[in-house]
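K.L.:
my_file-v2.pdb is the file, holding PDB, C-alpha atoms:
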ATOM      1  CA  MET A  22      14.104 169.099  89.002
ATOM      2  CA  THR A  23      15.987 170.126  85.889
ATOM      3  CA  ILE A  24      19.567 171.339  86.214
ATOM      4  CA  ARG A  25      19.800 174.712  84.473
ATOM      5  CA  THR A  26      23.135 174.679  82.701
ATOM      6  CA  LEU A  27      25.402 177.174  80.936
ATOM      7  CA  ILE A  28      28.421 176.433  78.722
ATOM      8  CA  ILE A  29      31.161 179.065  78.580
ATOM      9  CA  ASP A  30      34.017 178.585  76.115
ATOM     10  CA  ASP A  31      35.710 180.735  73.471
ATOM     11  CA  GLU A  32      36.040 177.723  71.133
ATOM     12  CA  PRO A  33      32.807 176.974  69.210
ATOM     13  CA  HIS A  34      33.816 173.356  68.630
ATOM     14  CA  ALA A  35      34.331 172.802  72.359
ATOM     15  CA  ILE A  36      30.809 174.102  73.012
ATOM     16  CA  GLU A  37      29.399 171.795  70.340
ATOM     17  CA  VAL A  38      31.070 168.754  71.920
ATOM     18  CA  ILE A  39      29.654 169.476  75.381
ATOM     19  CA  GLU A  40      26.213 170.237  73.928
ATOM     20  CA  LYS A  41      26.242 166.869  72.166
ATOM     21  CA  TYR A  42      27.281 165.056  75.345
ATOM     22  CA  LEU A  43      24.673 166.820  77.477
ATOM     23  CA  ALA A  44      21.899 165.746  75.083
ATOM     24  CA  ASN A  45      22.172 162.283  76.684
ATOM     25  CA  PHE A  46      20.999 163.607  80.064
ATOM     26  CA  PRO A  47      17.271 164.445  80.319
ATOM     27  CA  ASP A  48      17.756 166.226  83.655
ATOM     28  CA  ILE A  49      19.944 168.892  82.025
ATOM     29  CA  GLU A  50      18.326 172.061  80.657
ATOM     30  CA  LEU A  51      20.843 173.944  78.529
ATOM     31  CA  VAL A  52      19.896 177.579  79.109
ATOM     32  CA  ASP A  53      22.546 179.241  76.933
ATOM     33  CA  THR A  54      26.115 179.192  75.655
ATOM     34  CA  CYS A  55      28.631 182.026  75.908
ATOM     35  CA  HIS A  56      31.865 182.618  74.008
ATOM     36  CA  ASN A  57      33.416 184.900  76.634
ATOM     37  CA  ALA A  58      33.340 185.348  80.391
ATOM     38  CA  ILE A  59      32.125 188.984  80.284
ATOM     39  CA  ARG A  60      28.848 188.046  78.595
ATOM     40  CA  ALA A  61      28.543 185.068  80.942
ATOM     41  CA  PHE A  62      28.984 187.348  83.967
ATOM     42  CA  GLN A  63      26.115 189.554  82.741
ATOM     43  CA  LEU A  64      23.869 186.550  82.116
ATOM     44  CA  LEU A  65      24.620 185.089  85.549
ATOM     45  CA  GLN A  66      23.441 188.333  87.175
ATOM     46  CA  SER A  67      19.969 188.014  85.665
ATOM     47  CA  THR A  68      19.359 184.298  85.133
ATOM     48  CA  ARG A  69      19.279 181.357  87.496
ATOM     49  CA  ILE A  70      22.025 178.927  86.528
ATOM     50  CA  ASP A  71      22.690 175.772  88.538
ATOM     51  CA  LEU A  72      25.676 174.361  86.664
ATOM     52  CA  VAL A  73      28.394 175.807  84.438
ATOM     53  CA  PHE A  74      30.823 174.061  82.114
ATOM     54  CA  LEU A  75      33.556 176.673  82.118
ATOM     55  CA  ASP A  76      36.738 177.011  80.085
ATOM     56  CA  VAL A  77      39.619 178.186  82.261
ATOM     57  CA  LYS A  78      41.731 180.105  79.755
ATOM     58  CA  MET A  79      39.748 182.731  77.828
ATOM     59  CA  PRO A  80      40.643 186.225  76.554
ATOM     60  CA  GLY A  81      39.635 189.186  78.695
ATOM     61  CA  LEU A  82      38.527 187.352  81.823
ATOM     62  CA  SER A  83      39.586 183.833  82.737
ATOM     63  CA  GLY A  84      37.173 181.193  83.944
ATOM     64  CA  THR A  85      38.705 181.122  87.417
ATOM     65  CA  ASP A  86      38.489 184.924  87.700
ATOM     66  CA  LEU A  87      34.846 184.754  86.639
ATOM     67  CA  VAL A  88      34.061 182.344  89.475
ATOM     68  CA  ARG A  89      35.921 184.525  91.965
ATOM     69  CA  SER A  90      33.910 187.564  90.847
ATOM     70  CA  LEU A  91      30.562 185.939  91.647
ATOM     71  CA  ARG A  92      29.125 186.357  95.125
ATOM     72  CA  VAL A  93      27.239 183.050  94.909
ATOM     73  CA  PRO A  94      28.683 181.057  91.999
ATOM     74  CA  PRO A  95      26.854 178.062  90.520
ATOM     75  CA  LYS A  96      28.374 174.580  90.579
ATOM     76  CA  VAL A  97      31.267 174.444  88.124
ATOM     77  CA  VAL A  98      32.925 171.850  85.934
ATOM     78  CA  PHE A  99      36.091 173.364  84.491
ATOM     79  CA  THR A 100      37.240 172.473  80.982
ATOM     80  CA  THR A 101      40.650 173.296  79.546
ATOM     81  CA  ALA A 102      43.524 172.076  77.424
ATOM     82  CA  TYR A 103      46.010 173.066  80.152
ATOM     83  CA  GLN A 104      46.514 170.638  83.011
ATOM     84  CA  GLU A 105      48.531 173.154  85.034
ATOM     85  CA  TYR A 106      45.351 175.067  85.897
ATOM     86  CA  ALA A 107      43.794 172.089  87.669
ATOM     87  CA  LEU A 108      44.885 173.171  91.155
ATOM     88  CA  ASP A 109      43.211 176.572  90.761
ATOM     89  CA  GLY A 110      40.037 174.826  89.663
ATOM     90  CA  PHE A 111      39.842 172.543  92.660
ATOM     91  CA  ASP A 112      40.746 175.418  95.005
ATOM     92  CA  LEU A 113      37.483 176.977  93.820
ATOM     93  CA  SER A 114      35.543 173.823  94.808
ATOM     94  CA  ALA A 115      34.905 172.745  91.236
ATOM     95  CA  LEU A 116      32.923 169.533  90.846
ATOM     96  CA  ASP A 117      35.399 168.292  88.261
ATOM     97  CA  TYR A 118      38.169 169.329  85.875
ATOM     98  CA  LEU A 119      38.038 168.017  82.291
ATOM     99  CA  LEU A 120      41.029 168.080  79.965
ATOM    100  CA  LYS A 121      40.379 168.711  76.261
ATOM    101  CA  PRO A 122      39.785 166.884  74.047
ATOM    102  CA  ILE A 123      37.202 165.429  76.415
ATOM    103  CA  PRO A 124      36.460 161.693  75.915
ATOM    104  CA  PHE A 125      32.820 160.766  76.421
ATOM    105  CA  GLU A 126      33.763 158.180  79.063
ATOM    106  CA  ARG A 127      35.515 160.878  81.116
ATOM    107  CA  PHE A 128      32.540 163.204  80.659
ATOM    108  CA  LEU A 129      30.253 160.488  82.047
ATOM    109  CA  ARG A 130      32.315 160.317  85.224
ATOM    110  CA  ALA A 131      31.967 164.071  85.628
ATOM    111  CA  MET A 132      28.196 163.813  85.152
ATOM    112  CA  ASP A 133      28.088 161.099  87.798
ATOM    113  CA  LYS A 134      29.445 163.681  90.237
ATOM    114  CA  VAL A 135      27.044 166.340  88.988
ATOM    115  CA  LEU A 136      23.992 164.128  89.439
ATOM    116  CA  SER A 137      25.151 163.037  92.876
ATOM    117  CA  VAL A 138      25.185 166.679  93.989
ATOM    118  CA  PHE A 139      21.860 167.701  92.468
ATOM    119  CA  LYS A 140      19.888 164.461  92.775
ATOM    120  CA  GLY A 141      20.751 163.212  96.240
ATOM    121  CA  PRO A 142      23.476 161.161  97.915
ATOM    122  CA  GLN A 143      25.369 158.581  95.914
ATOM    123  CA  LEU A 144      28.954 157.441  96.103
ATOM    124  CA  ILE A 145      31.214 158.452  93.234
ATOM    125  CA  ARG A 146      32.879 155.581  91.444
ATOM    126  CA  ASP A 147      36.633 155.364  91.664
ATOM    127  CA  ASN A 148      39.330 152.742  91.782
ATOM    128  CA  ALA A 149      38.344 151.483  95.208
ATOM    129  CA  GLU A 150      39.123 148.089  96.641
ATOM    130  CA  THR A 151      36.490 145.364  96.364
ATOM    131  CA  ALA A 152      35.185 145.889  99.904
ATOM    132  CA  SER A 153      34.437 149.555  99.379
ATOM    133  CA  THR A 154      33.056 148.835  95.920
ATOM    134  CA  GLN A 155      30.144 146.935  97.450
ATOM    135  CA  THR A 156      29.321 149.960  99.617
ATOM    136  CA  ALA A 157      29.362 152.173  96.537
ATOM    137  CA  HIS A 158      27.090 149.711  94.741
ATOM    138  CA  ASN A 159      24.545 149.867  97.563
ATOM    139  CA  ASP A 160      24.424 153.687  97.529
ATOM    140  CA  HIS A 161      24.737 154.332  93.809
ATOM    141  CA  PHE A 162      21.797 155.528  91.732
ATOM    142  CA  LEU A 163      20.929 155.894  88.071
ATOM    143  CA  TYR A 164      18.345 158.266  86.642
ATOM    144  CA  LEU A 165      16.425 156.747  83.735
ATOM    145  CA  ARG A 166      14.032 158.522  81.424
ATOM    146  CA  ILE A 167      10.878 156.373  81.391
ATOM    147  CA  GLU A 168       8.298 157.871  79.024
ATOM    148  CA  ARG A 169       7.904 161.417  80.392
ATOM    149  CA  ARG A 170       9.268 160.698  83.867
ATOM    150  CA  THR A 171      12.780 160.505  85.281
ATOM    151  CA  VAL A 172      12.998 157.442  87.530
ATOM    152  CA  LYS A 173      15.667 156.960  90.201
ATOM    153  CA  ILE A 174      17.055 153.401  90.370
ATOM    154  CA  ASN A 175      19.376 152.062  93.035
ATOM    155  CA  THR A 176      21.902 149.957  91.119
ATOM    156  CA  SER A 177      21.913 147.357  93.916
ATOM    157  CA  GLU A 178      18.334 146.474  92.844
ATOM    158  CA  ILE A 179      19.314 145.635  89.244
ATOM    159  CA  TYR A 180      19.369 141.958  88.231
ATOM    160  CA  TRP A 181      20.471 142.544  84.655
ATOM    161  CA  ILE A 182      20.442 145.085  81.844
ATOM    162  CA  GLU A 183      19.534 143.980  78.339
ATOM    163  CA  SER A 184      20.057 145.843  75.070
ATOM    164  CA  LEU A 185      17.085 146.337  72.733
ATOM    165  CA  LYS A 186      18.718 148.259  69.862
ATOM    166  CA  ASP A 187      18.460 151.940  70.915
ATOM    167  CA  TYR A 188      16.746 151.006  74.187
ATOM    168  CA  ILE A 189      17.698 149.075  77.293
ATOM    169  CA  LYS A 190      15.612 146.821  79.510
ATOM    170  CA  VAL A 191      16.507 147.124  83.190
ATOM    171  CA  VAL A 192      15.289 144.063  85.086
ATOM    172  CA  LEU A 193      14.556 144.471  88.802
ATOM    173  CA  LYS A 194      13.165 141.763  91.063
ATOM    174  CA  ASP A 195       9.565 142.967  90.864
ATOM    175  CA  ARG A 196       9.454 144.998  87.639
ATOM    176  CA  THR A 197      11.132 145.704  84.331
ATOM    177  CA  LEU A 198      11.862 149.211  83.020
ATOM    178  CA  THR A 199      12.560 150.235  79.431
ATOM    179  CA  SER A 200      14.516 153.400  78.678
ATOM    180  CA  LYS A 201      16.045 154.968  75.575
ATOM    181  CA  HIS A 202      19.760 154.467  76.218
ATOM    182  CA  LYS A 203      22.632 152.661  74.556
ATOM    183  CA  ILE A 204      23.905 149.757  76.642
ATOM    184  CA  GLY A 205      27.498 150.964  76.137
ATOM    185  CA  VAL A 206      26.652 154.315  77.716
ATOM    186  CA  MET A 207      24.853 152.613  80.597
ATOM    187  CA  GLU A 208      27.867 150.381  81.217
ATOM    188  CA  LYS A 209      30.018 153.444  81.901
ATOM    189  CA  LEU A 210      27.522 154.798  84.444
ATOM    190  CA  LEU A 211      27.526 151.675  86.617
ATOM    191  CA  PRO A 212      29.695 151.276  89.752
ATOM    192  CA  LEU A 213      33.189 150.043  89.021
ATOM    193  CA  ASN A 214      33.765 146.324  89.774
ATOM    194  CA  ALA A 215      30.119 145.677  90.698
ATOM    195  CA  PHE A 216      28.885 144.757  87.197
ATOM    196  CA  VAL A 217      30.255 142.711  84.310
ATOM    197  CA  ARG A 218      29.450 142.823  80.602
ATOM    198  CA  ILE A 219      28.892 139.198  79.575
ATOM    199  CA  HIS A 220      27.535 139.788  76.057
ATOM    200  CA  ARG A 221      26.986 142.699  73.726
ATOM    201  CA  SER A 222      23.354 142.550  74.894
ATOM    202  CA  PHE A 223      23.761 141.812  78.628
ATOM    203  CA  ILE A 224      25.285 143.411  81.732
ATOM    204  CA  VAL A 225      24.851 141.633  85.062
ATOM    205  CA  PRO A 226      25.790 142.507  88.671
ATOM    206  CA  LEU A 227      28.300 140.076  90.144
ATOM    207  CA  ASP A 228      26.362 139.724  93.391
ATOM    208  CA  LYS A 229      23.183 138.571  91.600
ATOM    209  CA  ILE A 230      24.792 135.685  89.686
ATOM    210  CA  GLU A 231      23.381 132.433  91.095
ATOM    211  CA  CYS A 232      25.722 130.170  89.129
ATOM    212  CA  PHE A 233      27.906 130.358  86.062
ATOM    213  CA  HIS A 234      28.977 128.075  83.255
ATOM    214  CA  PRO A 235      31.534 128.716  80.479
ATOM    215  CA  ASN A 236      28.606 129.567  78.196
ATOM    216  CA  TYR A 237      26.098 131.293  80.462
ATOM    217  CA  VAL A 238      25.307 132.762  83.873
ATOM    218  CA  GLN A 239      22.081 132.244  85.804
ATOM    219  CA  VAL A 240      20.240 135.209  87.316
ATOM    220  CA  LEU A 241      16.733 134.977  88.821
ATOM    221  CA  GLY A 242      16.603 131.436  87.440
ATOM    222  CA  LYS A 243      17.180 132.657  83.878
ATOM    223  CA  GLU A 244      20.209 131.645  81.796
ATOM    224  CA  LEU A 245      21.935 134.608  80.144
ATOM    225  CA  ARG A 246      24.400 133.680  77.425
ATOM    226  CA  ILE A 247      28.051 134.720  77.617
ATOM    227  CA  GLY A 248      29.256 136.143  74.303
ATOM    228  CA  ARG A 249      32.339 134.661  72.682
ATOM    229  CA  ASN A 250      34.247 137.946  72.895
ATOM    230  CA  TYR A 251      33.465 138.298  76.611
ATOM    231  CA  LYS A 252      34.394 134.815  77.850
ATOM    232  CA  LEU A 253      37.975 135.593  78.862
ATOM    233  CA  GLU A 254      37.021 138.679  80.850
ATOM    234  CA  CYS A 255      34.141 136.806  82.505
ATOM    235  CA  GLN A 256      36.440 133.971  83.547
ATOM    236  CA  LYS A 257      38.827 136.466  85.123
ATOM    237  CA  ARG A 258      36.057 138.315  86.953
ATOM    238  CA  PHE A 259      34.272 135.183  88.189
ATOM    239  CA  SER A 260      37.475 133.500  89.371
ATOM    240  CA  SER A 261      38.682 136.603  91.235
ATOM    241  CA  GLY A 262      35.249 137.562  92.547
ATOM    242  CA  ALA A 263      35.756 141.156  91.381
TER     243      ALA A 263
END
I need this file expressed as structure tokens, please.
P.N.:
Amino acid sequence: MTIRTLIIDDEPHAIEVIEKYLANFPDIELVDTCHNAIRAFQLLQSTRIDLVFLDVKMPGLSGTDLVRSLRVPPKVVFTTAYQEYALDGFDLSALDYLLKPIPFERFLRAMDKVLSVFKGPQLIRDNAETASTQTAHNDHFLYLRIERRTVKINTSEIYWIESLKDYIKVVLKDRTLTSKHKIGVMEKLLPLNAFVRIHRSFIVPLDKIECFHPNYVQVLGKELRIGRNYKLECQKRFSSGA
């Protein structure tokens, strides 16, 4: 299932930023972009749209008024430079509320929520305590583009992720998957506190580490080297268990 998506914003640059970010998600089909809410209203009457990235403050008709005018509105992620409109956005059951300029890391968290709604149950990452983090890890999924298919992976099944330039290798117990992703992007999609970056080329789940040494960790009997720039963080994570 592709998520048919519309971007509505009166600022062309803001549309360009979201378009660029959405290009990283193969499940998103960008149907159109609109520079005002009136044209968007007309399009929404004739075209099936599943998800809207919607600017709150626009001339003529605001984003919140547009949502209120729709009998069956699509799922909405509000975008705006004005934090004071956040309450209105959440009153309208928005999936998320993004403040401009939108950092890519923050956009990824919003997409985590979007995919959880459209692709089945998964817990949204937040600043939970360690005990609840494990629950989130068990119920958290990634969607990887493998050749022409989108494959759903439970993150609790991952033993490590390895960077291969513009690709990543995701190692599971019984198979290995290769997908076109940057490891830095993948790191931001993983459950908080469940994984640790040990090297520029390796991410490992804490619960799969069989033993660790100042220079490496062992997973599935394989030694994965700890990078010099990651040693301090690894020591902190391994000693605290989180």
K.L.:
Provide the atom CA of A:Val38 to atom CA of A:Leu129 distance in Å, to one decimal place.
P.N.:
13.1 Å
K.L.:
Any idea what the distance is between atom CA of A:Val206 and atom CA of A:Phe233?
P.N.:
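The value is 25.4 Å.
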K.L.:
For the structure provided, state which residues fall under the PyMOL selection byres ((chain A and resi 238) around 12), and present them as number ranges by chain.
P.N.:
A: 180-181, 217-220, 223-237, 239-248, 252, 255-256, 259
K.L.:
Assuming 3 Å of padding per side, give the centre and edge lengths of the axis-aligned box around every listed atom of stretch 206-210 of chain A, in Å to one decimal and as AutoDock Vina command-line options.
P.N.:
--center_x 27.4 --center_y 152.6 --center_z 81.1 --size_x 11.2 --size_y 10.4 --size_z 12.7
K.L.:
Go through the shown structure with the PyMOL selection byres ((chain A and resi 77-91) around 7) and write out the matching residues as a PyMOL selection string.
P.N.:
chain A and resi 31+57-59+62+75-76+92-94+99-101+110
K.L.:
List, as a PyMOL selection string, every residue that the PyMOL selection byres ((chain A and resi 70) around 7) selects in the file provided.
P.N.:
chain A and resi 25-27+65+68-69+71-72+95
K.L.:
So what do you get for atom CA of A:Val135 versus atom CA of A:Thr176, distance-wise?
P.N.:
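Value for the atom CA of A:Val135-atom CA of A:Thr176 distance: 17.3 Å.
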K.L.:
Let me make sure I understand: among A:Leu136, A:Val172, A:Ile28, A:Leu253, which one has the smallest atom-to-atom distance to A:His56 if we use all atoms listed in the file?
P.N.:
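Result for the nearest residue to A:His56: A:Ile28.
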K.L.:
Hey, which of A:Asp53, A:Glu168, A:Asp48, A:Glu178 ends up closest to A:Val192? Count only C-alpha atoms.
P.N.:
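Using only C-alpha atoms, A:Val192 sits closest to A:Glu178.
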K.L.:
In terms of the shortest atom-to-atom distance over all atoms listed in the file, which of A:His161, A:Ser184, A:Phe216, A:Leu198 is closest to A:Glu254?
P.N.:
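Checking each of A:His161, A:Ser184, A:Phe216, A:Leu198 against A:Glu254, counting all atoms listed in the file, the winner is A:Phe216.
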K.L.:
For A:Ile123, which residue among A:Met207, A:Ile39, A:Leu51, A:Met22 is the nearest when counting only C-alpha atoms?
P.N.:
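Residue with the minimum atom-to-atom distance to A:Ile123: A:Ile39.
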K.L.:
Rank A:Ala44, A:Arg249, A:Ser222, A:Arg169 by their smallest atom-to-atom distance to A:Tyr188, using all atoms listed in the file, and report the top residue only.
P.N.:
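The answer is A:Ser222, which sits nearest to A:Tyr188.
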K.L.:
Nearest to A:Ile204: which of A:Ile179, A:Val52, A:Arg170, A:Asp187 is it, counting only C-alpha atoms?
P.N.:
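Residue with the minimum atom-to-atom distance to A:Ile204: A:Asp187.
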K.L.:
Within 9 Å of A:Leu210, counting only C-alpha atoms, which residues show up once you throw out same-chain ones fewer than 5 positions away? Write them as number ranges by chain, please.
P.N.:
A: 126, 129-130, 133, 146, 163
